[in-house]
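**Student:** A single structure is presented below for examination.
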Amino acid sequence: MYFDSLSAALHMDGHGVFVWSAYLISMSVVAFMLAAPRVRERKLIKNLAAQQRRLAGQSDTLKPVIPE
Amino acid sequence: MWTFFHKLGSPPWLYAISGSILRWLLPLTLLALVAGLVWGLLFTAPDFRQGNSYRIIYIHVPAAVVALAGYYVMATAGAVSLIWKMKMADVAMRACAPIGAALTFIALVTGAIWGKPTWGTWWVWDARITSMLILLFLYLGVVALYEAYDNKAAASKACAVLSLVGMVNIPIIYKSVDWWYSLHQPASIKFTGESTIDPSMLYPLLLMIGAFYALFTCSLLMNMRAEILSREARTGWVQKLVSGSAD
């Protein structure tokens, strides 16, 4: 490692606040880029599955009840 | 070759193949990102003139490079959807826009943060930075334009035209540091001729550029999968997929 200690790596001779904030902001955007489509896909599948269950339930109730 | 193009236009095939690509590409991308970040942040020597602030290069340059490359992908997909009316090209074009916007945003924000200790200012209206800001607006414009139309066929056409017209901005961005007097430094990595960057800084930078290309691909495929599902929600294969996932 180039730095002698953790505090030196955090401080980076006064540039730490710039470097670390740039990295933090970028990595949050990257995390969002990967998470957002995954969340959207999961939500879609969940909604469609709920819709299927609803339709299946409806078709059960629509079945003619034949008295014995 | 033609069967490949034919398959590329098939939503279920694209959904399945993208799933199997993501299974190995996504972990590989995360690994490359973490490795490149740690290498650039902690294991390289500081620049002799800029000190440690130059470490921002390991995200700034990859984000900017891939933001530009992503525009080619978006405009090409737009052209294909406009000319051959290929639905999946339209899906790809739409999926590119938010990713490109996110990458351009990263490039601009890290550039501003890097500018403060290096140039003494967060922002200057010079050619490179202004043309990158226009790139951000073009990406956001495609996102917004698509949402603005109720008729999605018309929306696709308008977005494709906008992304093609926006292509004029790309060579301007590339050449801005040569054409105008600018605070922004010219490119240090050259395909022809000697690069003006030390190998110890070049290798982690190349790793990060590769990682950002992989990130773009992953995010593109994931966005396309969500878009395909939403468009094909009523089809038999999606219904089967959904009932299969519920079991």
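Each chain in the structure tokens gets a letter, A, B, ..., in the order shown, and its residues are numbered from 1; ligands are numbered from 1 in order too.
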Could you tell me which residues of chain A sit within 10 Å of chain B when counting only C-alpha atoms, and give me the result as number ranges by chain?
**Tutor:** A: 1-3, 6, 9-23, 25-30, 32-50, 52-53
**Student:** Which residues in chain A does DSSP call alpha helix (DSSP H)? List them as a ChimeraX atom specification.
**Tutor:** /A:6-11,16-62
